[in-house]
>>> print(open('upload_17.cif').read())   # mmCIF, N, CA and C atoms and all ligand atoms
data_my_file
loop_
_atom_site.group_PDB
_atom_site.id
_atom_site.type_symbol
_atom_site.label_atom_id
_atom_site.label_comp_id
_atom_site.auth_asym_id
_atom_site.auth_seq_id
_atom_site.Cartn_x
_atom_site.Cartn_y
_atom_site.Cartn_z
ATOM 1 N N MET W 18 -12.881 -85.395 94.576
ATOM 2 C CA MET W 18 -13.187 -84.016 94.195
ATOM 3 C C MET W 18 -14.001 -84.000 92.906
ATOM 4 N N ALA W 19 -15.276 -84.173 93.009
ATOM 5 C CA ALA W 19 -16.128 -84.252 91.828
ATOM 6 C C ALA W 19 -16.486 -82.870 91.299
ATOM 7 N N ASN W 20 -16.607 -81.925 92.221
ATOM 8 C CA ASN W 20 -17.014 -80.576 91.831
ATOM 9 C C ASN W 20 -15.789 -79.694 91.581
ATOM 10 N N ASP W 21 -15.667 -79.143 90.389
ATOM 11 C CA ASP W 21 -14.518 -78.317 90.036
ATOM 12 C C ASP W 21 -14.453 -77.011 90.815
ATOM 13 N N GLU W 22 -15.581 -76.587 91.371
ATOM 14 C CA GLU W 22 -15.629 -75.303 92.072
ATOM 15 C C GLU W 22 -15.121 -75.410 93.504
ATOM 16 N N LEU W 23 -14.955 -76.640 93.987
ATOM 17 C CA LEU W 23 -14.581 -76.835 95.383
ATOM 18 C C LEU W 23 -13.367 -77.738 95.508
ATOM 19 N N GLN W 24 -12.720 -77.686 96.666
ATOM 20 C CA GLN W 24 -11.623 -78.594 96.956
ATOM 21 C C GLN W 24 -11.686 -78.904 98.445
ATOM 22 N N THR W 25 -11.257 -80.100 98.781
ATOM 23 C CA THR W 25 -11.348 -80.528 100.168
ATOM 24 C C THR W 25 -9.977 -80.540 100.822
ATOM 25 N N CYS W 26 -9.895 -80.015 102.038
ATOM 26 C CA CYS W 26 -8.641 -80.020 102.785
ATOM 27 C C CYS W 26 -8.272 -81.465 103.124
ATOM 28 N N VAL W 27 -7.024 -81.861 102.822
ATOM 29 C CA VAL W 27 -6.624 -83.242 103.098
ATOM 30 C C VAL W 27 -6.420 -83.492 104.587
ATOM 31 N N ARG W 28 -6.236 -82.441 105.388
ATOM 32 C CA ARG W 28 -5.982 -82.623 106.809
ATOM 33 C C ARG W 28 -7.268 -82.646 107.636
ATOM 34 N N CYS W 29 -8.170 -81.683 107.408
ATOM 35 C CA CYS W 29 -9.363 -81.613 108.262
ATOM 36 C C CYS W 29 -10.661 -81.877 107.519
ATOM 37 N N GLY W 30 -10.603 -81.965 106.195
ATOM 38 C CA GLY W 30 -11.815 -82.268 105.443
ATOM 39 C C GLY W 30 -12.683 -81.061 105.139
ATOM 40 N N TYR W 31 -12.213 -79.875 105.506
ATOM 41 C CA TYR W 31 -12.964 -78.658 105.215
ATOM 42 C C TYR W 31 -13.092 -78.477 103.703
ATOM 43 N N VAL W 32 -14.285 -78.096 103.243
ATOM 44 C CA VAL W 32 -14.507 -77.872 101.813
ATOM 45 C C VAL W 32 -14.300 -76.390 101.519
ATOM 46 N N ALA W 33 -13.249 -76.111 100.747
ATOM 47 C CA ALA W 33 -12.857 -74.730 100.468
ATOM 48 C C ALA W 33 -13.147 -74.351 99.025
ATOM 49 N N ASP W 34 -13.155 -73.055 98.749
ATOM 50 C CA ASP W 34 -13.293 -72.574 97.379
ATOM 51 C C ASP W 34 -12.083 -72.999 96.575
ATOM 52 N N LYS W 35 -12.257 -73.169 95.274
ATOM 53 C CA LYS W 35 -11.163 -73.714 94.474
ATOM 54 C C LYS W 35 -9.975 -72.755 94.340
ATOM 55 N N ASP W 36 -10.177 -71.479 94.571
ATOM 56 C CA ASP W 36 -9.074 -70.532 94.453
ATOM 57 C C ASP W 36 -8.277 -70.373 95.747
ATOM 58 N N ASP W 37 -8.786 -70.900 96.843
ATOM 59 C CA ASP W 37 -8.067 -70.790 98.111
ATOM 60 C C ASP W 37 -6.783 -71.601 98.052
ATOM 61 N N ARG W 38 -5.723 -71.079 98.638
ATOM 62 C CA ARG W 38 -4.439 -71.789 98.632
ATOM 63 C C ARG W 38 -4.191 -72.512 99.955
ATOM 64 N N TYR W 39 -4.762 -71.992 101.031
ATOM 65 C CA TYR W 39 -4.591 -72.625 102.342
ATOM 66 C C TYR W 39 -5.944 -72.766 103.024
ATOM 67 N N CYS W 40 -6.075 -73.814 103.814
ATOM 68 C CA CYS W 40 -7.318 -74.083 104.526
ATOM 69 C C CYS W 40 -7.553 -73.023 105.591
ATOM 70 N N ILE W 41 -8.745 -72.448 105.619
ATOM 71 C CA ILE W 41 -9.033 -71.402 106.618
ATOM 72 C C ILE W 41 -9.366 -72.004 107.982
ATOM 73 N N GLN W 42 -9.518 -73.315 108.050
ATOM 74 C CA GLN W 42 -9.827 -73.963 109.321
ATOM 75 C C GLN W 42 -8.581 -74.468 110.047
ATOM 76 N N CYS W 43 -7.614 -74.994 109.293
ATOM 77 C CA CYS W 43 -6.447 -75.583 109.960
ATOM 78 C C CYS W 43 -5.109 -75.077 109.420
ATOM 79 N N GLY W 44 -5.125 -74.301 108.351
ATOM 80 C CA GLY W 44 -3.889 -73.718 107.834
ATOM 81 C C GLY W 44 -3.081 -74.598 106.906
ATOM 82 N N ALA W 45 -3.585 -75.798 106.614
ATOM 83 C CA ALA W 45 -2.854 -76.692 105.713
ATOM 84 C C ALA W 45 -2.977 -76.200 104.269
ATOM 85 N N PRO W 46 -1.953 -76.476 103.450
ATOM 86 C CA PRO W 46 -2.039 -76.090 102.043
ATOM 87 C C PRO W 46 -3.107 -76.914 101.322
ATOM 88 N N LEU W 47 -3.795 -76.287 100.384
ATOM 89 C CA LEU W 47 -4.849 -76.971 99.621
ATOM 90 C C LEU W 47 -4.357 -77.416 98.252
ATOM 91 N N LYS W 48 -3.295 -76.778 97.758
ATOM 92 C CA LYS W 48 -2.728 -77.138 96.457
ATOM 93 C C LYS W 48 -1.441 -77.921 96.693
ATOM 94 N N ASN W 49 -1.344 -79.078 96.050
ATOM 95 C CA ASN W 49 -0.157 -79.909 96.235
ATOM 96 C C ASN W 49 0.934 -79.482 95.259
ATOM 97 N N THR W 50 1.499 -78.322 95.524
ATOM 98 C CA THR W 50 2.489 -77.775 94.606
ATOM 99 C C THR W 50 3.878 -78.371 94.844
ATOM 100 N N CYS W 51 4.689 -78.304 93.812
ATOM 101 C CA CYS W 51 6.084 -78.731 93.897
ATOM 102 C C CYS W 51 6.840 -77.743 94.784
ATOM 103 N N THR W 52 7.813 -78.239 95.575
ATOM 104 C CA THR W 52 8.551 -77.353 96.482
ATOM 105 C C THR W 52 9.894 -76.910 95.917
ATOM 106 N N LYS W 53 10.181 -77.265 94.660
ATOM 107 C CA LYS W 53 11.464 -76.866 94.071
ATOM 108 C C LYS W 53 11.539 -75.345 94.001
ATOM 109 N N LYS W 54 12.552 -74.791 94.670
ATOM 110 C CA LYS W 54 12.682 -73.343 94.754
ATOM 111 C C LYS W 54 13.421 -72.772 93.554
ATOM 112 N N LYS W 55 13.130 -71.524 93.296
ATOM 113 C CA LYS W 55 13.816 -70.810 92.234
ATOM 114 C C LYS W 55 15.239 -70.487 92.698
ATOM 115 N N THR W 56 16.193 -70.772 91.862
ATOM 116 C CA THR W 56 17.585 -70.436 92.174
ATOM 117 C C THR W 56 18.179 -69.731 90.962
ATOM 118 N N VAL W 57 19.447 -69.300 91.100
ATOM 119 C CA VAL W 57 20.088 -68.650 89.962
ATOM 120 C C VAL W 57 20.287 -69.620 88.805
ATOM 121 N N LEU W 58 20.374 -70.925 89.149
ATOM 122 C CA LEU W 58 20.620 -71.918 88.110
ATOM 123 C C LEU W 58 19.347 -72.536 87.537
ATOM 124 N N HIS W 59 18.260 -72.425 88.288
ATOM 125 C CA HIS W 59 17.031 -73.081 87.853
ATOM 126 C C HIS W 59 15.846 -72.175 88.116
ATOM 127 N N LYS W 60 14.902 -72.156 87.210
ATOM 128 C CA LYS W 60 13.765 -71.252 87.388
ATOM 129 C C LYS W 60 12.734 -71.793 88.373
ATOM 130 N N GLY W 61 13.017 -72.966 88.944
ATOM 131 C CA GLY W 61 12.089 -73.530 89.913
ATOM 132 C C GLY W 61 10.942 -74.251 89.240
ATOM 133 N N CYS W 62 10.035 -74.768 90.053
ATOM 134 C CA CYS W 62 8.920 -75.542 89.512
ATOM 135 C C CYS W 62 7.695 -75.238 90.359
ATOM 136 N N SER W 63 6.637 -74.850 89.740
ATOM 137 C CA SER W 63 5.425 -74.515 90.501
ATOM 138 C C SER W 63 4.265 -75.412 90.107
ATOM 139 N N LYS W 64 4.613 -76.595 89.590
ATOM 140 C CA LYS W 64 3.577 -77.512 89.141
ATOM 141 C C LYS W 64 2.654 -77.910 90.290
ATOM 142 N N VAL W 65 1.357 -77.930 90.014
ATOM 143 C CA VAL W 65 0.377 -78.413 90.987
ATOM 144 C C VAL W 65 0.119 -79.883 90.681
ATOM 145 N N ASN W 66 0.497 -80.745 91.630
ATOM 146 C CA ASN W 66 0.365 -82.184 91.434
ATOM 147 C C ASN W 66 -0.955 -82.716 91.990
ATOM 148 N N LYS W 67 -1.241 -83.977 91.686
ATOM 149 C CA LYS W 67 -2.435 -84.630 92.217
ATOM 150 C C LYS W 67 -2.352 -84.633 93.741
ATOM 151 N N PRO W 68 -3.504 -84.640 94.418
ATOM 152 C CA PRO W 68 -3.515 -84.578 95.884
ATOM 153 C C PRO W 68 -2.743 -85.714 96.559
ATOM 154 N N ASP W 69 -2.591 -86.862 95.882
ATOM 155 C CA ASP W 69 -1.900 -87.989 96.509
ATOM 156 C C ASP W 69 -0.454 -88.133 96.063
ATOM 157 N N ALA W 70 0.070 -87.148 95.334
ATOM 158 C CA ALA W 70 1.442 -87.224 94.855
ATOM 159 C C ALA W 70 2.429 -86.818 95.941
ATOM 160 N N LYS W 71 3.407 -87.679 96.226
ATOM 161 C CA LYS W 71 4.442 -87.335 97.208
ATOM 162 C C LYS W 71 5.602 -86.607 96.545
ATOM 163 N N TYR W 72 5.766 -86.865 95.263
ATOM 164 C CA TYR W 72 6.834 -86.214 94.524
ATOM 165 C C TYR W 72 6.275 -85.622 93.241
ATOM 166 N N CYS W 73 6.849 -84.529 92.815
ATOM 167 C CA CYS W 73 6.394 -83.813 91.625
ATOM 168 C C CYS W 73 6.550 -84.680 90.373
ATOM 169 N N SER W 74 5.510 -84.727 89.573
ATOM 170 C CA SER W 74 5.558 -85.543 88.364
ATOM 171 C C SER W 74 6.389 -84.884 87.272
ATOM 172 N N ALA W 75 6.714 -83.608 87.439
ATOM 173 C CA ALA W 75 7.499 -82.906 86.425
ATOM 174 C C ALA W 75 8.996 -82.950 86.718
ATOM 175 N N CYS W 76 9.384 -82.902 88.010
ATOM 176 C CA CYS W 76 10.814 -82.802 88.309
ATOM 177 C C CYS W 76 11.287 -83.736 89.427
ATOM 178 N N GLY W 77 10.380 -84.421 90.125
ATOM 179 C CA GLY W 77 10.796 -85.380 91.146
ATOM 180 C C GLY W 77 11.094 -84.798 92.510
ATOM 181 N N THR W 78 10.904 -83.506 92.679
ATOM 182 C CA THR W 78 11.114 -82.875 93.988
ATOM 183 C C THR W 78 9.917 -83.180 94.889
ATOM 184 N N GLU W 79 10.168 -83.181 96.205
ATOM 185 C CA GLU W 79 9.086 -83.452 97.139
ATOM 186 C C GLU W 79 7.967 -82.413 96.972
ATOM 187 N N THR W 80 6.725 -82.871 97.117
ATOM 188 C CA THR W 80 5.588 -81.943 96.997
ATOM 189 C C THR W 80 5.294 -81.286 98.342
ATOM 190 N N LEU W 81 4.486 -80.250 98.315
ATOM 191 C CA LEU W 81 4.134 -79.515 99.526
ATOM 192 C C LEU W 81 3.385 -80.390 100.526
ATOM 193 N N PHE W 82 2.467 -81.217 100.050
ATOM 194 C CA PHE W 82 1.713 -82.107 100.948
ATOM 195 C C PHE W 82 2.651 -83.071 101.654
ATOM 196 N N SER W 83 3.636 -83.601 100.916
ATOM 197 C CA SER W 83 4.578 -84.534 101.505
ATOM 198 C C SER W 83 5.440 -83.819 102.546
ATOM 199 N N GLU W 84 5.873 -82.614 102.229
ATOM 200 C CA GLU W 84 6.708 -81.835 103.140
ATOM 201 C C GLU W 84 5.956 -81.539 104.449
ATOM 202 N N TRP W 85 4.666 -81.304 104.357
ATOM 203 C CA TRP W 85 3.839 -81.008 105.523
ATOM 204 C C TRP W 85 3.433 -82.269 106.269
ATOM 205 N N GLY W 86 3.773 -83.448 105.741
ATOM 206 C CA GLY W 86 3.387 -84.692 106.396
ATOM 207 C C GLY W 86 1.905 -85.012 106.265
ATOM 208 N N LEU W 87 1.295 -84.548 105.188
ATOM 209 C CA LEU W 87 -0.144 -84.761 104.999
ATOM 210 C C LEU W 87 -0.465 -86.054 104.276
ATOM 211 N N LEU W 88 0.554 -86.742 103.750
ATOM 212 C CA LEU W 88 0.296 -87.964 102.978
ATOM 213 C C LEU W 88 0.731 -89.205 103.749
HETATM 214 ZN ZN ZN Q 101 -7.954 -77.986 106.871
HETATM 215 ZN ZN ZN Q 102 8.411 -79.953 90.219
#
>>> encode(input="upload_17.cif", output="structure tokens", more="lines below")
Ligand SMILES: [Zn+2]
Ligand SMILES: [Zn+2]
Amino acid sequence: MANDELQTCVRCGYVADKDDRYCIQCGAPLKNTCTKKKTVLHKGCSKVNKPDAKYCSACGTETLFSEWGLL
């Protein structure tokens, strides 16, 4: 990802705008966010990890890409 204005879908290779959250071609998530949910005990984690991260670098919870089987 050399261009900051664009991002590439890890599943189909579609080049999307950087603000898009899901691929308009295949529906896969474009941001590798942490999946830790907000609970009464924890405020959750919404960290956006590197595209190849299977686990969140901030809290160790599985990332969205890993959950979707994209890695
Ligand atoms: Zn896609
Ligand atoms: Zn996290």
>>> residues_near_ligand(input="upload_17.cif", ligand="ligand ZN 102 (chain Q)", cutoff="6.5 Å", atoms="all atoms listed in the file", output="JSON, numbers by chain")
{"W": [51, 52, 53, 61, 62, 63, 64, 73, 74, 75, 76, 77, 78]}
>>> atom_distance(input="upload_17.cif", atom1="atom C of Asp21 of chain W", atom2="atom C of Asp34 of chain W")
7.4 Å
>>> residues_near_ligand(input="upload_17.cif", ligand="ligand ZN 101 (chain Q)", cutoff="6 Å", atoms="only C-alpha atoms and all ligand atoms", output="JSON, numbers by chain")
{"W": [26, 28, 29, 30, 31, 40, 42, 43, 44, 45]}
>>> select_by_dssp(input="upload_17.cif", residues="segment 21-88 of chain W", states="alpha helix (DSSP H)", output="PyMOL selection string")
chain W and resi 81-84
>>> write_last_selection(input="upload_17.cif", atoms="N, CA and C atoms", output="PDB file, in the coordinates of the input")
ATOM      1  N   LEU W  81       4.486 -80.250  98.315  1.00  0.00           N
ATOM      2  CA  LEU W  81       4.134 -79.515  99.526  1.00  0.00           C
ATOM      3  C   LEU W  81       3.385 -80.390 100.526  1.00  0.00           C
ATOM      4  N   PHE W  82       2.467 -81.217 100.050  1.00  0.00           N
ATOM      5  CA  PHE W  82       1.713 -82.107 100.948  1.00  0.00           C
ATOM      6  C   PHE W  82       2.651 -83.071 101.654  1.00  0.00           C
ATOM      7  N   SER W  83       3.636 -83.601 100.916  1.00  0.00           N
ATOM      8  CA  SER W  83       4.578 -84.534 101.505  1.00  0.00           C
ATOM      9  C   SER W  83       5.440 -83.819 102.546  1.00  0.00           C
ATOM     10  N   GLU W  84       5.873 -82.614 102.229  1.00  0.00           N
ATOM     11  CA  GLU W  84       6.708 -81.835 103.140  1.00  0.00           C
ATOM     12  C   GLU W  84       5.956 -81.539 104.449  1.00  0.00           C
TER      13      GLU W  84
END
>>> closest_residue(input="upload_17.cif", among="W:Glu79, W:Glu84, W:Glu22, W:Asp69", to="Asp36 of chain W", atoms="only C-alpha atoms")
W:Glu22
>>> atom_distance(input="upload_17.cif", atom1="atom CA of Leu47 of chain W", atom2="atom CA of Ser83 of chain W")
12.2 Å
>>> atom_distance(input="upload_17.cif", atom1="atom CA of Lys54 of chain W", atom2="atom N of Val32 of chain W")
28.7 Å
>>> axis_aligned_box(input="upload_17.cif", around="segment 69-74 of chain W", padding_each_side="4 Å", output="JSON")
{"center_x": 2.1, "center_y": -86.0, "center_z": 92.2, "size_x": 17.4, "size_y": 12.3, "size_z": 17.9}
>>> resolve_selection(input="upload_17.cif", expression="the PyMOL selection byres (((chain W and resi 82) around 7) and not hetatm)", output="PyMOL selection string")
chain W and resi 48-50+70-71+79-81+83-88
>>> select_by_dssp(input="upload_17.cif", residues="chain W", states="strand (DSSP E)", output="JSON, numbers by chain")
{"W": [23, 24, 25, 32, 33, 34, 49, 50, 65, 66]}
